[in-house]
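Comments concern the structure below.
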Amino acid sequence: MSTRLFGAPIKRKEDPRLVTGGGRYLDDLGHGALAAAFVRSPHAHARVVDIDADDAFELDGVLGIYAHDDLPGKVGEPLPLLIPHPALTHGRTGYALARDEVNHVGEPVVMVVATDRYVAEDACQRIRVRYEPLPVVVGIETARDGAARVHSDVPGNVAAHLTQVVGDVDAALASAPHTLTLELDIERSASTPLEGRGVYARWDDERDELRMYSSTQTSTGVRAAVAAKLDLPLAKVECIAPDVGGGFGVKIMHPWPEEVLVPWAARRLGHPVKWTEDRREHFVAAAHERGQLHTVTVGFDDDGHLLGLDVKFWHDNGAYTPYGIIVPIITSTQLLGPYKPGAYRVKFWSLYTNTVLVTPYRGAGRPQGCFAMERTMDAIADRLGLDRAEVRARNFILPSEMPYDHGLLFQDGRPLRYDSGDFPATLSKLKALVGWDDFATERAAATAQGRKIGLGIGCYVEGTGVGPYEGSHVQVETSGRVNVSIGLTSQGQGHETVFAQIVADELGVRMEDVFVTTGDTRKMGYAVGTFASRAAVMSGSAVALAARQVRAKALRIAADALEVSADDLEIVDGTVQVKGAPSASMTLGTVSVLSNPLRYAFDEAAQAATQFAGTFDPDRPPVAAGDEPGLEGKDFYSPTQATFANGMHAAIVETDPVTAEIRILRYCVVHDCGPMINPLIVEGQVHGGVAQGVGGALYERMVYDESGQLLNASFMDFLMPYASEVPTIETDHLETPSPLNPLGIKGAGEAGCIPVSAVIASAIEDAEGFAITRMPISPSELWGLRRRYAAGEITPLRRASPRSEPADRAEEPTP
């Protein structure tokens, strides 16, 4: 029998090609194409009064200069609102090129097309745009004040307001023995993939067809949007995602203005056109995420059991809402984590600001919700003098209570119903991994050396595998090669490996004979996209179902040829054979020949197989009624709800007593994504997510001034962790299968980054003795908190721990 590949830590098939320079990214394509560049607004909020491009037209090599008034029909209409919601009462999207008003620095105003990018950029410098500045709204506090408006017809800058309630929250809080209120803050950050966005388009005038390439996470979505905007039949548009150098959410949004304008210009000019984003453009013209302010009021009993939870938060959605209110909806529901909250009420306001628009970034609203909930759990433990892990354990949803319905609606509009998980077992593994029960001894030793260390913890649940569907096509060639096509794009997740493992197992073929194509609408025209930790669950399930179709057909055809029952056959290493008598066999390639008689005249393998084919039997049709030629299958998977992965992280950090530098000494993860298709790839996903989480906790933030200028729009100024700042990550896994899909799997892509801010905040406050309520945190901010603590402006934590709090309070910190 073939060795089972599902669950094997197989090295990624795609890596040798990518690491040896064989990748083909967007900018590797279209070397003869014209180049596009953009004049972008230098103002955060202004009216566009006049555009003078006369000097730019004088440059040799300039072939086109376009402003909004030059855009015809649907190209000049507002960009689509992709995910409407009843609570989004004032949804707004921008234009491909600003019409009358700009609402953030970096908004495109003019497009130039020239023979090369140098000429196009020179032309942009010559274009003079006259603006009339308008009042600027930056930050949540300014937005909710409402004195100035981003959009004149949106009162209070409120794009959306949504409330969900389960139980009588007011009564629960009023009767609770203890209540706490916390004010919490997560700042704005961004995906910043290694490769920025990019578009390359070719128009075929003879066939009236468009082929475009985009560095996107959703090629089918881009195709549909561009076809609609350019008023083309969908069948006349192809969109291909080449190798994509990272996405993390910023490449979900579609269509970006450039994805409409570049194909439009290629069609208008009759010549291929390309645009690739530079780094500053990415900072000021792509998308950000994370910025939220939370007020959490919690009621609990003497044992730390939650009785009522009342959450209000304000979400900064930037200048526009093309992706609706998915991020705050996720925050409002995933905030609950693995806990039973008692009565729960959540209200959020999604607010416009004159800053870059917000779309999901890896974690997509979950890091903010996890931060709020985990800070709350630590605060309860501190108030009661209880162990922080024990407080969490007392509030866990138990395995016997699965499936657990929270009574809320999730991001997909379906019930927030956890399908699986064993939270007590996960916590037990985490405590053993990090040495939770022995940490007091470790802290005492560090304190004796004059060092400050702290232990933090964070728990989360992640909705994964959201619908509506994904599909797959699996085809066996007469050579035995197996071609697999999926609609998802790939940005480094290992799709070529993971889906090959599934097909190899389902079909009983060698993995090296399986070839996976992603992100090509010519191969799979209907798909949703790669985001929300959905690839393995959605496409993995579709791939398995399609492969099972192929297997069933192969066994049926081979059984007929070999004159045995299909139940007596098995497929081993690409050969269909009789169980117990492997000499009676045929290869899958031969079965493919039998399924496609027309191959006979052109294929030596087909000629050799005609002894089985019955091709010349006058009483038997070459293809059975109701059947199709070819050994292939196509299927779609559409779930009834999301499946919920979960995990828990712990960290030990050291805070320098003089400089307040924060160093992560250990970082431990226990993760449950159900059965792991490839543990090596799951580990890579977790490690990458933790690295991004460390960036969000300690380094990365978007710094705007009051006029809406992004002050750190370059990698010289935008801090990020290097390898030296990302600790060695220690992992363990739990595998509780999901009952919702044929493979029992759950997503893993975002798990690593979700609780990191909460974990590091927990560890820092454990080291310092005062609460941490805002992330990210820098050494200078921690030093400032120490000063306030020493001055008695910050209340010390109550929890008993072997730290020298009186001495720390008395000492005046030094920078």
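Please note that chains go A, B, ... in the order of the structure tokens, that every chain numbers its residues from 1, and that ligands are numbered from 1 in the order shown.
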Could you pull out the alpha helix (DSSP H) residues of region 418-546 of chain A from DSSP and send them as a ChimeraX atom specification?
/A:423-434,439-448,495-507,535-546
Hey, which bits of region 450-528 of chain A sit within 8 Å of region 367-391 of chain A, and for each residue what's the closest pair of atoms and how far apart in Å (one decimal), counting only C-alpha atoms, rows by chain and increasing number, as CSV?
residue,atom,partner,partner_atom,distance
A:Ile457,CA,A:Ala389,CA,7.7
A:Gly458,CA,A:Glu374,CA,6.0
A:Cys459,CA,A:Glu374,CA,7.1
A:Tyr460,CA,A:Cys370,CA,6.3
Produce a file of the selected residues containing N, CA and C atoms, as an mmCIF file, in the first residue's frame.
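This is the output file again_30.cif:
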data_model
loop_
_atom_site.group_PDB
_atom_site.id
_atom_site.type_symbol
_atom_site.label_atom_id
_atom_site.label_comp_id
_atom_site.auth_asym_id
_atom_site.auth_seq_id
_atom_site.Cartn_x
_atom_site.Cartn_y
_atom_site.Cartn_z
ATOM 1 N N ILE A 457 0.057 35.244 29.168
ATOM 2 C CA ILE A 457 -0.758 34.198 28.561
ATOM 3 C C ILE A 457 -1.848 34.842 27.731
ATOM 4 N N GLY A 458 -2.274 34.144 26.688
ATOM 5 C CA GLY A 458 -3.381 34.609 25.860
ATOM 6 C C GLY A 458 -4.047 33.443 25.160
ATOM 7 N N CYS A 459 -5.385 33.447 25.142
ATOM 8 C CA CYS A 459 -6.168 32.384 24.515
ATOM 9 C C CYS A 459 -7.043 32.986 23.417
ATOM 10 N N TYR A 460 -7.328 32.197 22.397
ATOM 11 C CA TYR A 460 -8.136 32.722 21.302
ATOM 12 C C TYR A 460 -8.877 31.587 20.615
#
What's the 8 Å shell around region 14-18 of chain A, counting only C-alpha atoms, without same-chain residues fewer than 3 positions away, as number ranges by chain?
A: 21-23, 494, 496-497
Just C-alpha atoms for this one: save the residues we selected as a CSV table (one decimal), in the first residue's frame.
chain,number,residue,atom,x,y,z
A,21,GLY,CA,15.3,32.6,-8.5
A,22,GLY,CA,12.7,30.7,-10.6
A,23,GLY,CA,9.7,32.6,-9.3
A,494,GLY,CA,2.4,25.9,0.3
A,496,GLU,CA,1.3,23.2,-4.4
A,497,THR,CA,2.4,20.9,-1.6
Residues near region 50-67 of chain A, cut-off 9 Å, only C-alpha atoms, skip fewer than 2 positions along chain, as a count of residues only:
30
Quick one: everything within 6 Å of Thr489 (chain A), counting only C-alpha atoms, minus sequence neighbours fewer than 2 positions away in the same chain. Send it as a ChimeraX atom specification.
/A:217,518-519,530
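Take CA of Gly308 (chain A) and CA of Leu335 (chain A): the distance between them is 13.9 Å.
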With only C-alpha atoms as the counted atoms, please give the residues lying no more than 8 Å from Thr163 (chain A), apart from itself and same-chain residues fewer than 5 positions off, as a PyMOL selection string.
chain A and resi 345-348
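The smallest atom-to-atom distance between Ala172 (chain A) and any of A:Glu277, A:Asp310, A:Glu101, A:Glu132, using only C-alpha atoms, is found for A:Asp310.
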May I have the residues within 8 Å of Phe283 (chain A) as a list in words, using only C-alpha atoms and disregarding those fewer than 2 positions away in the same chain?
Thr192, Arg279, Arg280, Glu281, Ala285, Ala286, Ala287, Ala713 and Ser714 of chain A
Counting only C-alpha atoms, which residues in region 182-256 of chain A sit no more than 12 Å from region 137-141 of chain A? For each one, give the nearest pair of atoms and the distance in Å, sorted by chain then residue number, as JSON lines.
{"residue": "A:Asp185", "atom": "CA", "partner": "A:Ile140", "partner_atom": "CA", "distance": 10.5}
{"residue": "A:Ile186", "atom": "CA", "partner": "A:Ile140", "partner_atom": "CA", "distance": 11.1}
{"residue": "A:Glu187", "atom": "CA", "partner": "A:Gly139", "partner_atom": "CA", "distance": 9.7}
{"residue": "A:Arg188", "atom": "CA", "partner": "A:Gly139", "partner_atom": "CA", "distance": 9.6}
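Residue nearest His649 (chain A), chosen from A:Ala584, A:Val528, A:Ile571, A:Leu430 and counting only C-alpha atoms: A:Leu430.
Distance-wise, CA of Arg392 (chain A) and CA of Leu797 (chain A) end up 18.2 Å apart.
Nearest to Pro360 (chain A) of all the residues A:Val516, A:Ala581, A:Leu455, A:Ala532 is A:Ala532, counting only C-alpha atoms.
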If you run DSSP on the backbone, which residues of region 135-227 of chain A are strand (DSSP E), as a ChimeraX atom specification?
/A:158-166,178-186,189-190,198-204,209-214
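Considering only C-alpha atoms, the residue among A:Leu488, A:Ala174, A:Val550, A:Leu26 positioned nearest to Ala527 (chain A) is A:Leu488.
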